[in-house]
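Colleague: Input query-v6.tsv, format and content: TSV, C-alpha atoms.
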chain	number	residue	atom	x	y	z
E	20	MET	CA	-12.60	28.63	11.01
E	21	LYS	CA	-9.99	26.58	9.19
E	22	ILE	CA	-9.48	23.16	7.66
E	23	LYS	CA	-7.97	20.73	10.15
E	24	SER	CA	-4.42	19.73	9.47
E	25	GLY	CA	-3.85	16.35	7.86
E	26	PHE	CA	-6.65	16.53	5.30
E	27	VAL	CA	-5.79	16.61	1.61
E	28	LEU	CA	-7.77	16.98	-1.61
E	29	ARG	CA	-6.85	14.36	-4.21
E	30	ASP	CA	-7.95	13.40	-7.68
E	31	VAL	CA	-9.14	9.79	-7.38
E	32	CYS	CA	-10.01	8.33	-10.77
E	33	GLY	CA	-11.25	11.72	-11.96
E	34	GLU	CA	-13.24	12.60	-8.81
E	35	GLN	CA	-12.28	15.22	-6.22
E	36	VAL	CA	-11.89	13.47	-2.87
E	37	ILE	CA	-10.89	14.55	0.64
E	38	MET	CA	-8.70	12.07	2.50
E	39	GLY	CA	-7.28	12.04	6.02
E	40	GLU	CA	-3.54	11.45	5.77
E	41	GLY	CA	-1.88	13.52	8.48
E	42	LEU	CA	-1.12	12.19	11.96
E	43	GLY	CA	-4.21	13.86	13.44
E	44	ALA	CA	-6.43	12.61	10.61
E	45	LEU	CA	-5.38	8.98	10.29
E	46	ASP	CA	-8.56	7.72	11.96
E	47	PHE	CA	-10.83	9.65	9.56
E	48	GLY	CA	-11.43	6.27	7.94
E	49	ARG	CA	-13.43	7.45	4.94
E	50	LEU	CA	-13.23	9.42	1.73
E	51	LEU	CA	-15.34	12.52	1.18
E	52	CYS	CA	-16.31	13.19	-2.45
E	53	LEU	CA	-16.64	16.86	-3.42
E	54	ASN	CA	-18.50	18.29	-6.40
E	55	GLU	CA	-16.82	20.92	-8.57
E	56	THR	CA	-18.02	23.87	-6.45
E	57	ALA	CA	-17.05	22.28	-3.14
E	58	ALA	CA	-13.60	21.36	-4.50
E	59	PHE	CA	-13.11	24.93	-5.73
E	60	LEU	CA	-14.06	26.27	-2.28
E	61	TRP	CA	-11.84	23.74	-0.50
E	62	LYS	CA	-8.79	24.83	-2.50
E	63	PHE	CA	-9.50	28.47	-1.71
E	64	ALA	CA	-10.12	27.72	1.98
E	65	MET	CA	-6.75	25.90	2.13
E	66	GLU	CA	-5.07	28.88	0.49
E	67	GLN	CA	-6.75	31.32	2.82
E	68	GLY	CA	-6.06	29.42	6.03
E	69	GLU	CA	-8.55	31.18	8.29
E	70	PHE	CA	-11.80	31.42	6.31
E	71	SER	CA	-15.50	32.20	6.81
E	72	VAL	CA	-18.78	31.60	4.97
E	73	ASP	CA	-18.55	35.25	3.85
E	74	SER	CA	-15.03	34.98	2.48
E	75	LEU	CA	-15.86	31.80	0.54
E	76	SER	CA	-19.13	33.30	-0.79
E	77	GLU	CA	-17.28	36.33	-2.07
E	78	LYS	CA	-14.81	34.10	-3.88
E	79	LEU	CA	-17.65	32.03	-5.33
E	80	CYS	CA	-19.38	35.15	-6.69
E	81	GLY	CA	-16.13	36.23	-8.31
E	82	GLU	CA	-15.71	32.89	-10.06
E	83	TYR	CA	-19.26	31.84	-10.94
E	84	ASP	CA	-22.27	33.76	-12.12
E	85	VAL	CA	-24.39	33.51	-8.94
E	86	SER	CA	-26.22	36.00	-6.78
E	87	LYS	CA	-24.80	36.88	-3.39
E	88	GLU	CA	-27.77	35.27	-1.61
E	89	GLN	CA	-27.43	32.06	-3.61
E	90	ALA	CA	-23.68	31.95	-2.97
E	91	LEU	CA	-24.13	32.43	0.78
E	92	ALA	CA	-26.73	29.66	0.91
E	93	ASP	CA	-24.59	27.24	-1.13
E	94	VAL	CA	-21.43	27.92	0.86
E	95	ALA	CA	-23.27	27.59	4.18
E	96	GLN	CA	-24.57	24.19	3.10
E	97	ILE	CA	-21.15	22.97	2.00
E	98	VAL	CA	-19.44	24.24	5.16
E	99	ASP	CA	-22.14	22.55	7.27
E	100	GLU	CA	-21.25	19.25	5.65
E	101	TRP	CA	-17.57	19.81	6.43
E	102	LYS	CA	-18.48	20.51	10.05
E	103	LYS	CA	-20.63	17.40	10.20
E	104	VAL	CA	-17.77	15.14	9.10
E	105	ASN	CA	-15.39	17.06	11.31
E	106	VAL	CA	-12.79	18.28	8.82
E	107	VAL	CA	-12.90	21.93	9.91
E	108	GLU	CA	-12.27	23.57	13.28
R	15	MET	CA	31.07	-6.20	8.35
R	16	THR	CA	29.53	-8.21	5.50
R	17	GLN	CA	27.45	-6.64	2.76
R	18	ASN	CA	24.65	-8.50	1.03
R	19	MET	CA	22.88	-7.05	-1.97
R	20	TYR	CA	19.32	-7.96	-2.94
R	21	GLU	CA	16.85	-7.07	-5.65
R	22	VAL	CA	13.09	-7.37	-5.10
R	23	ALA	CA	10.81	-6.44	-8.02
R	24	GLY	CA	13.77	-4.69	-9.63
R	25	ILE	CA	14.41	-2.51	-6.58
R	26	ARG	CA	17.86	-3.03	-5.14
R	27	PHE	CA	18.97	-2.73	-1.53
R	28	ALA	CA	21.96	-3.60	0.61
R	29	VAL	CA	22.04	-5.16	4.06
R	30	ASN	CA	25.26	-4.69	6.05
R	31	LEU	CA	25.63	-7.05	8.98
R	32	ALA	CA	27.88	-5.96	11.87
R	33	ASP	CA	30.72	-8.36	12.66
R	34	GLY	CA	29.11	-10.05	15.62
R	35	LEU	CA	26.05	-10.94	13.54
R	36	ASP	CA	27.83	-12.87	10.77
R	37	VAL	CA	27.25	-16.14	12.56
R	38	LEU	CA	23.53	-15.49	12.50
R	39	SER	CA	23.37	-14.42	8.87
R	40	SER	CA	22.06	-17.69	7.43
R	41	ARG	CA	19.26	-17.76	10.00
R	42	LEU	CA	18.47	-14.04	9.73
R	43	LEU	CA	18.58	-13.79	5.96
R	44	ASP	CA	17.53	-17.22	4.58
R	45	ASN	CA	14.32	-15.83	3.08
R	46	TYR	CA	16.38	-13.24	1.17
R	47	ALA	CA	18.65	-15.83	-0.50
R	48	PRO	CA	16.59	-16.12	-3.74
R	49	PHE	CA	16.91	-12.35	-4.18
R	50	VAL	CA	20.72	-12.05	-3.93
R	51	VAL	CA	22.50	-10.08	-6.67
R	52	ASN	CA	26.24	-10.19	-7.08
R	53	ASP	CA	27.28	-7.88	-9.91
R	54	SER	CA	29.99	-5.48	-8.83
R	55	LEU	CA	28.57	-2.57	-10.83
R	56	GLY	CA	25.29	-2.79	-9.00
R	57	ILE	CA	26.21	-0.64	-6.04
R	58	SER	CA	25.20	2.52	-7.89
R	59	LYS	CA	21.71	1.10	-8.35
R	60	ILE	CA	21.12	0.63	-4.63
R	61	VAL	CA	17.89	2.38	-3.59
R	62	PHE	CA	18.47	1.97	0.14
R	63	GLU	CA	21.06	0.59	2.50
R	64	VAL	CA	20.48	-0.88	5.94
R	65	SER	CA	23.11	-1.47	8.63
R	66	VAL	CA	22.22	-4.15	11.14
R	67	ASP	CA	23.64	-4.51	14.64
R	68	ARG	CA	22.67	-5.76	18.07
R	69	GLN	CA	20.73	-3.29	20.17
R	70	LYS	CA	22.81	-2.09	23.10
R	71	GLU	CA	20.55	0.58	24.48
R	72	LYS	CA	17.03	1.77	23.82
R	73	GLU	CA	16.67	4.53	21.20
R	74	GLU	CA	15.09	7.67	22.66
R	75	PHE	CA	12.18	9.02	20.61
R	76	VAL	CA	8.74	10.63	20.80
R	77	GLU	CA	5.85	8.41	19.71
R	78	ASP	CA	3.61	9.69	16.87
R	79	THR	CA	1.34	6.72	16.34
R	80	ARG	CA	1.20	2.94	16.59
R	81	GLN	CA	-0.27	0.05	14.62
R	82	GLU	CA	-1.42	-3.10	16.33
R	83	GLU	CA	-2.48	-6.24	14.51
R	84	GLU	CA	-2.67	-9.86	15.60
R	85	GLY	CA	-0.38	-9.42	18.58
R	86	GLN	CA	2.22	-7.48	16.61
R	87	THR	CA	2.80	-3.82	17.35
R	88	ILE	CA	4.78	-1.21	15.41
R	89	VAL	CA	5.41	2.03	17.29
R	90	CYS	CA	6.29	4.99	15.04
R	91	GLY	CA	7.91	8.23	16.11
R	92	ARG	CA	10.82	10.62	15.69
R	93	ASN	CA	14.09	11.08	17.54
R	94	GLY	CA	15.88	14.32	18.41
R	95	ALA	CA	17.58	14.44	15.00
R	96	GLY	CA	14.19	14.30	13.24
R	97	GLU	CA	14.76	10.77	11.98
R	98	CYS	CA	11.84	8.32	11.85
R	99	VAL	CA	12.03	5.62	14.50
R	100	PHE	CA	10.06	2.36	14.49
R	101	GLU	CA	9.94	-0.17	17.31
R	102	PHE	CA	8.75	-3.74	16.79
R	103	LEU	CA	6.93	-5.63	19.51
R	104	LEU	CA	5.80	-9.23	19.34
R	105	GLY	CA	3.18	-9.49	22.06
R	106	GLU	CA	4.94	-7.83	25.00
R	107	LYS	CA	8.41	-8.67	23.73
R	108	PHE	CA	10.59	-5.89	22.37
R	109	THR	CA	12.39	-7.27	19.30
R	110	GLY	CA	14.22	-4.32	17.77
R	111	THR	CA	14.32	-0.79	16.34
R	112	LEU	CA	14.56	0.82	12.90
R	113	ILE	CA	15.98	4.34	12.54
R	114	CYS	CA	15.72	5.84	9.03
R	115	SER	CA	17.56	8.79	7.56
R	116	ARG	CA	15.21	11.61	6.59
R	117	ASP	CA	15.40	10.76	2.88
R	118	PHE	CA	14.73	7.04	3.62
R	119	LYS	CA	17.88	6.01	1.74
R	120	LYS	CA	19.80	4.78	4.77
R	121	ALA	CA	18.78	3.11	7.98
R	122	ARG	CA	20.09	1.45	11.10
R	123	VAL	CA	18.39	-1.66	12.39
R	124	LEU	CA	19.06	-2.71	15.97
R	125	LEU	CA	18.05	-6.24	16.90
R	126	ASN	CA	17.13	-7.75	20.21
R	127	GLU	CA	16.87	-11.37	21.28
R	128	PRO	CA	14.71	-13.42	21.36
R	129	SER	CA	13.15	-12.57	17.97
R	130	PRO	CA	15.69	-10.63	15.92
R	131	LYS	CA	14.33	-12.03	12.65
R	132	PHE	CA	10.87	-10.60	13.31
R	133	ALA	CA	12.34	-7.12	13.76
R	134	LEU	CA	14.68	-7.42	10.76
R	135	ASN	CA	11.89	-8.53	8.39
R	136	ASN	CA	9.60	-5.76	9.58
R	137	ALA	CA	12.36	-3.18	9.34
R	138	LEU	CA	13.26	-4.19	5.79
R	139	MET	CA	9.61	-4.24	4.72
R	140	ILE	CA	9.12	-0.73	6.07
R	141	MET	CA	12.30	0.52	4.41
R	142	TYR	CA	11.27	-1.12	1.17
R	143	ALA	CA	7.81	0.46	1.32
R	144	LEU	CA	9.15	3.91	2.21
R	145	ALA	CA	12.06	3.94	-0.23
R	146	SER	CA	9.96	2.63	-3.12
R	147	ALA	CA	6.86	4.75	-2.42
R	148	GLN	CA	8.22	7.60	-4.50
R	149	SER	CA	8.83	5.27	-7.44
R	150	ASP	CA	6.20	3.20	-9.21
R	151	ALA	CA	6.23	0.29	-6.72
R	152	VAL	CA	4.00	-0.58	-3.78
R	153	LEU	CA	4.22	-3.33	-1.20
R	154	PHE	CA	0.81	-4.94	-0.77
R	155	HIS	CA	-0.80	-6.93	1.99
R	156	SER	CA	-2.19	-9.71	-0.18
R	157	ALA	CA	-2.01	-13.33	-1.23
R	158	VAL	CA	-1.20	-13.83	-4.91
R	159	VAL	CA	-1.33	-16.81	-7.26
R	160	THR	CA	-0.28	-17.21	-10.87
R	161	TYR	CA	-2.50	-18.90	-13.42
R	162	LYS	CA	-1.75	-19.07	-17.17
R	163	ASN	CA	1.15	-16.61	-16.82
R	164	ARG	CA	-0.83	-13.93	-15.03
R	165	GLY	CA	-0.92	-12.94	-11.37
R	166	TYR	CA	-4.19	-12.74	-9.42
R	167	MET	CA	-4.14	-10.92	-6.09
R	168	PHE	CA	-6.54	-11.44	-3.19
R	169	LEU	CA	-7.10	-8.57	-0.76
R	170	GLY	CA	-9.06	-8.37	2.47
R	171	LYS	CA	-8.83	-7.52	6.14
R	172	SER	CA	-6.84	-9.82	8.42
R	173	GLY	CA	-8.81	-13.00	8.96
R	174	THR	CA	-10.91	-12.63	5.80
R	175	GLY	CA	-9.30	-15.67	4.22
R	176	LYS	CA	-6.90	-14.38	1.56
R	177	SER	CA	-4.55	-17.31	2.07
R	178	THR	CA	-7.47	-19.72	2.30
R	179	HIS	CA	-8.84	-18.50	-1.02
R	180	ALA	CA	-5.38	-18.82	-2.61
R	181	ARG	CA	-5.22	-22.43	-1.28
R	182	LEU	CA	-8.62	-23.14	-2.86
R	183	TRP	CA	-7.24	-22.09	-6.25
R	184	LEU	CA	-4.20	-24.32	-5.73
R	185	ALA	CA	-6.42	-27.29	-4.87
R	186	HIS	CA	-9.17	-26.86	-7.45
R	187	VAL	CA	-7.83	-24.83	-10.38
R	188	ASP	CA	-5.26	-26.71	-12.49
R	189	GLY	CA	-2.10	-24.77	-13.31
R	190	THR	CA	-2.25	-22.44	-10.29
R	191	GLU	CA	0.93	-21.64	-8.38
R	192	LEU	CA	1.40	-19.60	-5.19
R	193	LEU	CA	3.59	-16.55	-5.90
R	194	ASN	CA	3.42	-14.99	-2.42
R	195	ASP	CA	1.14	-15.44	0.59
R	196	ASP	CA	1.33	-12.07	2.35
R	197	ASN	CA	3.46	-9.26	0.89
R	198	PRO	CA	3.85	-9.11	-2.90
R	199	VAL	CA	5.08	-6.01	-4.74
R	200	VAL	CA	3.13	-4.35	-7.56
R	201	ARG	CA	4.84	-2.11	-10.10
R	202	MET	CA	3.24	0.05	-12.73
R	203	MET	CA	5.43	-0.47	-15.79
R	204	PRO	CA	5.12	1.19	-19.23
R	205	ASP	CA	3.48	-2.04	-20.48
R	206	GLY	CA	1.04	-2.32	-17.55
R	207	ALA	CA	1.00	-3.60	-13.97
R	208	TRP	CA	3.25	-6.44	-12.79
R	209	VAL	CA	3.19	-8.36	-9.53
R	210	TYR	CA	6.30	-9.86	-7.91
R	211	GLY	CA	7.17	-12.26	-5.14
R	212	SER	CA	9.21	-10.99	-2.18
R	213	PRO	CA	11.23	-12.19	0.84
R	214	TRP	CA	8.17	-11.49	3.00
R	215	SER	CA	5.34	-13.98	2.90
R	216	GLY	CA	3.72	-14.14	6.33
R	217	LYS	CA	3.58	-17.57	7.89
R	218	THR	CA	4.10	-19.39	4.58
R	219	PRO	CA	7.71	-19.82	3.46
R	220	CYS	CA	7.16	-18.82	-0.19
R	221	TYR	CA	10.03	-16.55	-1.24
R	222	LYS	CA	9.93	-16.49	-5.04
R	223	ASN	CA	12.06	-14.20	-7.12
R	224	LYS	CA	9.52	-14.12	-9.96
R	225	GLY	CA	7.08	-11.70	-11.52
R	226	ALA	CA	3.97	-11.94	-13.63
R	227	ARG	CA	1.70	-9.59	-15.48
R	228	LEU	CA	-1.04	-8.60	-13.03
R	229	GLY	CA	-4.28	-10.11	-14.34
R	230	ALA	CA	-6.70	-8.87	-11.70
R	231	ILE	CA	-7.10	-7.81	-8.07
R	232	VAL	CA	-9.94	-9.37	-6.07
R	233	ASP	CA	-11.20	-7.82	-2.83
R	234	LEU	CA	-12.59	-10.61	-0.63
R	235	LYS	CA	-15.34	-10.54	1.95
R	236	GLN	CA	-16.76	-13.47	3.89
R	237	ALA	CA	-20.40	-14.22	3.07
R	238	PRO	CA	-22.85	-17.13	3.27
R	239	TYR	CA	-22.78	-17.32	-0.56
R	240	ASN	CA	-20.44	-16.80	-3.54
R	241	LYS	CA	-20.93	-13.74	-5.71
R	242	ILE	CA	-18.45	-11.74	-7.79
R	243	ARG	CA	-18.78	-8.34	-9.48
R	244	PRO	CA	-16.36	-5.89	-11.11
R	245	ILE	CA	-15.46	-2.68	-9.26
R	246	THR	CA	-14.05	0.54	-10.77
R	247	GLY	CA	-13.21	4.14	-9.93
R	248	ILE	CA	-13.41	5.27	-6.32
R	249	GLU	CA	-14.75	1.90	-5.17
R	250	ALA	CA	-11.66	0.22	-6.63
R	251	TYR	CA	-9.35	2.82	-5.07
R	252	VAL	CA	-10.99	2.39	-1.66
R	253	ALA	CA	-10.52	-1.38	-1.86
R	254	LEU	CA	-6.77	-0.86	-2.44
R	255	LEU	CA	-6.16	1.60	0.41
R	256	PRO	CA	-6.19	-0.73	3.46
R	257	SER	CA	-3.95	-3.23	1.66
R	258	ILE	CA	-1.09	-0.83	1.02
R	259	SER	CA	0.91	0.25	4.02
R	260	GLY	CA	3.02	3.36	4.12
R	261	MET	CA	3.63	6.35	6.30
R	262	ARG	CA	0.87	8.46	4.82
R	263	TRP	CA	1.50	11.31	7.23
R	264	ASN	CA	4.67	11.99	5.25
R	265	LYS	CA	3.44	14.03	2.29
R	266	LYS	CA	6.02	12.86	-0.25
R	267	ILE	CA	5.28	9.24	0.54
R	268	ALA	CA	1.51	9.80	0.50
R	269	ASP	CA	1.79	11.55	-2.90
R	270	GLY	CA	3.81	8.69	-4.37
R	271	LEU	CA	1.47	6.02	-3.02
R	272	HIS	CA	-1.59	7.90	-4.23
R	273	GLN	CA	-0.21	8.14	-7.74
R	274	THR	CA	0.49	4.41	-7.93
R	275	GLU	CA	-2.88	3.54	-6.33
R	276	ASN	CA	-4.70	5.75	-8.81
R	277	GLY	CA	-2.80	4.08	-11.65
R	278	ILE	CA	-3.79	0.63	-10.40
R	279	ALA	CA	-7.46	1.60	-9.84
R	280	LYS	CA	-7.66	3.01	-13.38
R	281	ASN	CA	-5.71	0.36	-15.25
R	282	VAL	CA	-6.05	-3.00	-13.49
R	283	SER	CA	-9.19	-5.18	-13.59
R	284	MET	CA	-10.63	-5.27	-10.09
R	285	PHE	CA	-13.43	-7.33	-8.55
R	286	HIS	CA	-15.30	-7.71	-5.28
R	287	LEU	CA	-15.94	-11.30	-4.21
R	288	ASP	CA	-18.40	-12.26	-1.48
R	289	CYS	CA	-17.39	-15.80	-0.70
R	290	LEU	CA	-17.52	-18.99	1.26
R	291	PRO	CA	-14.27	-20.86	1.87
R	292	ASP	CA	-15.15	-23.51	-0.72
R	293	GLU	CA	-14.27	-24.92	-4.12
R	294	ALA	CA	-17.12	-23.08	-5.86
R	295	ALA	CA	-15.67	-19.72	-4.69
R	296	ALA	CA	-12.33	-20.46	-6.35
R	297	LYS	CA	-14.02	-21.70	-9.53
R	298	ILE	CA	-16.36	-18.72	-9.98
R	299	CYS	CA	-13.53	-16.33	-9.15
R	300	CYS	CA	-11.07	-17.89	-11.60
R	301	GLU	CA	-13.64	-18.10	-14.40
R	302	THR	CA	-14.63	-14.44	-13.99
R	303	VAL	CA	-11.24	-12.81	-13.50
R	304	SER	CA	-9.45	-14.73	-16.24
R	305	ALA	CA	-12.29	-14.52	-18.81
R	306	LYS	CA	-10.96	-11.57	-20.74
R	307	PHE	CA	-7.53	-13.18	-21.06
R	308	GLU	CA	-8.99	-16.51	-22.18
R	309	SER	CA	-10.37	-14.88	-25.32
R	310	ALA	CA	-7.20	-12.85	-25.87
R	311	ASP	CA	-5.07	-15.98	-25.49
R	312	LYS	CA	-7.26	-17.87	-27.95
R	313	CYS	CA	-6.73	-15.03	-30.40
R	314	ALA	CA	-3.00	-15.36	-30.05
R	315	GLU	CA	-3.31	-19.06	-30.86
R	316	SER	CA	-5.46	-18.60	-33.99
R	317	ALA	CA	-3.92	-15.45	-35.31
R	318	ASN	CA	-5.99	-15.10	-38.49
R	319	SER	CA	-9.47	-14.93	-37.04
R	320	ASN	CA	-11.22	-11.62	-37.69
R	321	LYS	CA	-13.62	-12.13	-34.84
R	322	CYS	CA	-10.78	-12.27	-32.39
R	323	ALA	CA	-9.24	-9.05	-33.60
R	324	GLU	CA	-12.21	-7.25	-32.11
R	325	ALA	CA	-12.07	-9.12	-28.79
Output the file's structure as structure tokens, nothing else.
Modeller:
Amino acid sequence: MKIKSGFVLRDVCGEQVIMGEGLGALDFGRLLCLNETAAFLWKFAMEQGEFSVDSLSEKLCGEYDVSKEQALADVAQIVDEWKKVNVVE
Amino acid sequence: MTQNMYEVAGIRFAVNLADGLDVLSSRLLDNYAPFVVNDSLGISKIVFEVSVDRQKEKEEFVEDTRQEEEGQTIVCGRNGAGECVFEFLLGEKFTGTLICSRDFKKARVLLNEPSPKFALNNALMIMYALASAQSDAVLFHSAVVTYKNRGYMFLGKSGTGKSTHARLWLAHVDGTELLNDDNPVVRMMPDGAWVYGSPWSGKTPCYKNKGARLGAIVDLKQAPYNKIRPITGIEAYVALLPSISGMRWNKKIADGLHQTENGIAKNVSMFHLDCLPDEAAAKICCETVSAKFESADKCAESANSNKCAEA
């Protein structure tokens, strides 16, 4: 999957926030606040283009001291939220 | 051709009227008169330049998106050369077209009877917003009053009663003056935020070439009671977003706007006001938003008080 075009990660008053700014995302109509882990994964997913729960989990294990199982569970939960608010396709 | 040079909130632009339009210039540009600048050296400081002519044929372009509000429609798109094109409709009537160069420094405005002034004002507002977005200035949708040398801005969706609330201050708070009723400019300066009048003021002819230190921004919402509270951080940022127009699908412009919006949300006092359209709303609002300046101003008057030094 990949992040839909038009969504950007911005620092809003010290918080990491996803906003819809592109033509296809103008009617997003909300801001999505990310915690540190989710923001880290978002940046990597943007870099990667086409990404998967596996590819993000691997990256997470490389960066933080977490078990593979824990990483997979955390990433799956974060990606589910992205799907729910419709920012990935 | 005649060239007119204007400066709004310190941002300079030129409007070149084609020969046939000279006769209309006083009618087309009367609201810009307070903003005229005449110094001959000023040409180098021009941020954008607009050439205005009558529309002879329709500009071909592909539509990207459109904004509709209160019977006014702005259609946005791009032509074959990759330039941004905007069309302005008043109800069903087509009133004109704006075609901007890709760097937003030059533009052509083509006007159509019967409402050329509507199209020209919209075109210049858009150019102003786009050309200034990458600097420290933003064009707001807001009513703004001055009180004791500071500006107080009222935000809210169309129909919320921004102008009404401003009128309530004028009627019930001594020393209040209307600075602009619809489209003021805010600039983040090294010494803090300033708010300025502009040639665009909605239905109220209030075209003041003046600025004031920005005291506070108040986000209004209609309610069956009056209640005011401070807002900060993301909540403050979110309150600003719908009041600042810009072509956010252009990344450079979105980046510039975001930076200024973040600066305002972090550095300007902001409040949320649930309100009735009554005198008490204006009073509670004024008391709350100007409170911190009241004590500071008293300090300035009695310079030797230790207590005040802390406040």
Colleague: With all atoms listed in the file as the counted atoms, please give the residues lying no more than 6 Å from stretch 62-76 of chain E, apart from itself and same-chain residues fewer than 3 positions off, as a PyMOL selection string.
Modeller: chain E and resi 20-21+59+79+90-91
Colleague: Given a cut-off of 6 Å, which residues of chain E touch chain R, counting all atoms listed in the file, written out as a ChimeraX atom specification?
Modeller: /E:32,40-42
Colleague: Quick one, how far is atom CA of R:Leu271 from atom CA of R:Leu144?
Modeller: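 Computing it gives 9.5 Å between the two atoms.
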Colleague: Give as number ranges by chain the set of residues within 12 Å of the point (22.6, -5.5, -0.5), where distances use the file's coordinates and only C-alpha atoms.
Modeller: R: 16-22, 25-31, 43, 46-47, 49-54, 56-66, 120, 138
Colleague: Show me, as a PyMOL selection string, the residues that have an atom within 12 Å of R:Gly34 when counting only C-alpha atoms, minus same-chain residues fewer than 2 positions from it.
Modeller: chain R and resi 15-16+30-32+36-39+66-69+125
Colleague: Using all atoms listed in the file, find all polymer residues with an atom at most 8 Å away from the point (17.3, -9.1, 21.4); report them as a list in words.
Modeller: Arg68, Gln69, Phe108, Thr109, Gly110, Leu125, Asn126, Glu127, Pro128, Ser129 and Pro130 of chain R
Colleague: Quick one, how far is atom CA of R:Ser177 from atom CA of R:Glu191?
Modeller: 12.6 Å
Colleague: Counting all atoms listed in the file, which residue out of R:Lys107, R:His186, R:His179, R:Arg164 sits closest to R:Lys224?
Modeller: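 Among the listed residues, R:Arg164 lies closest to R:Lys224.
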Colleague: State, in Å with one decimal place, the distance from atom CA of R:Glu77 to atom CA of R:Leu35.
Modeller: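 Separation between atom CA of R:Glu77 and atom CA of R:Leu35: 28.6 Å.
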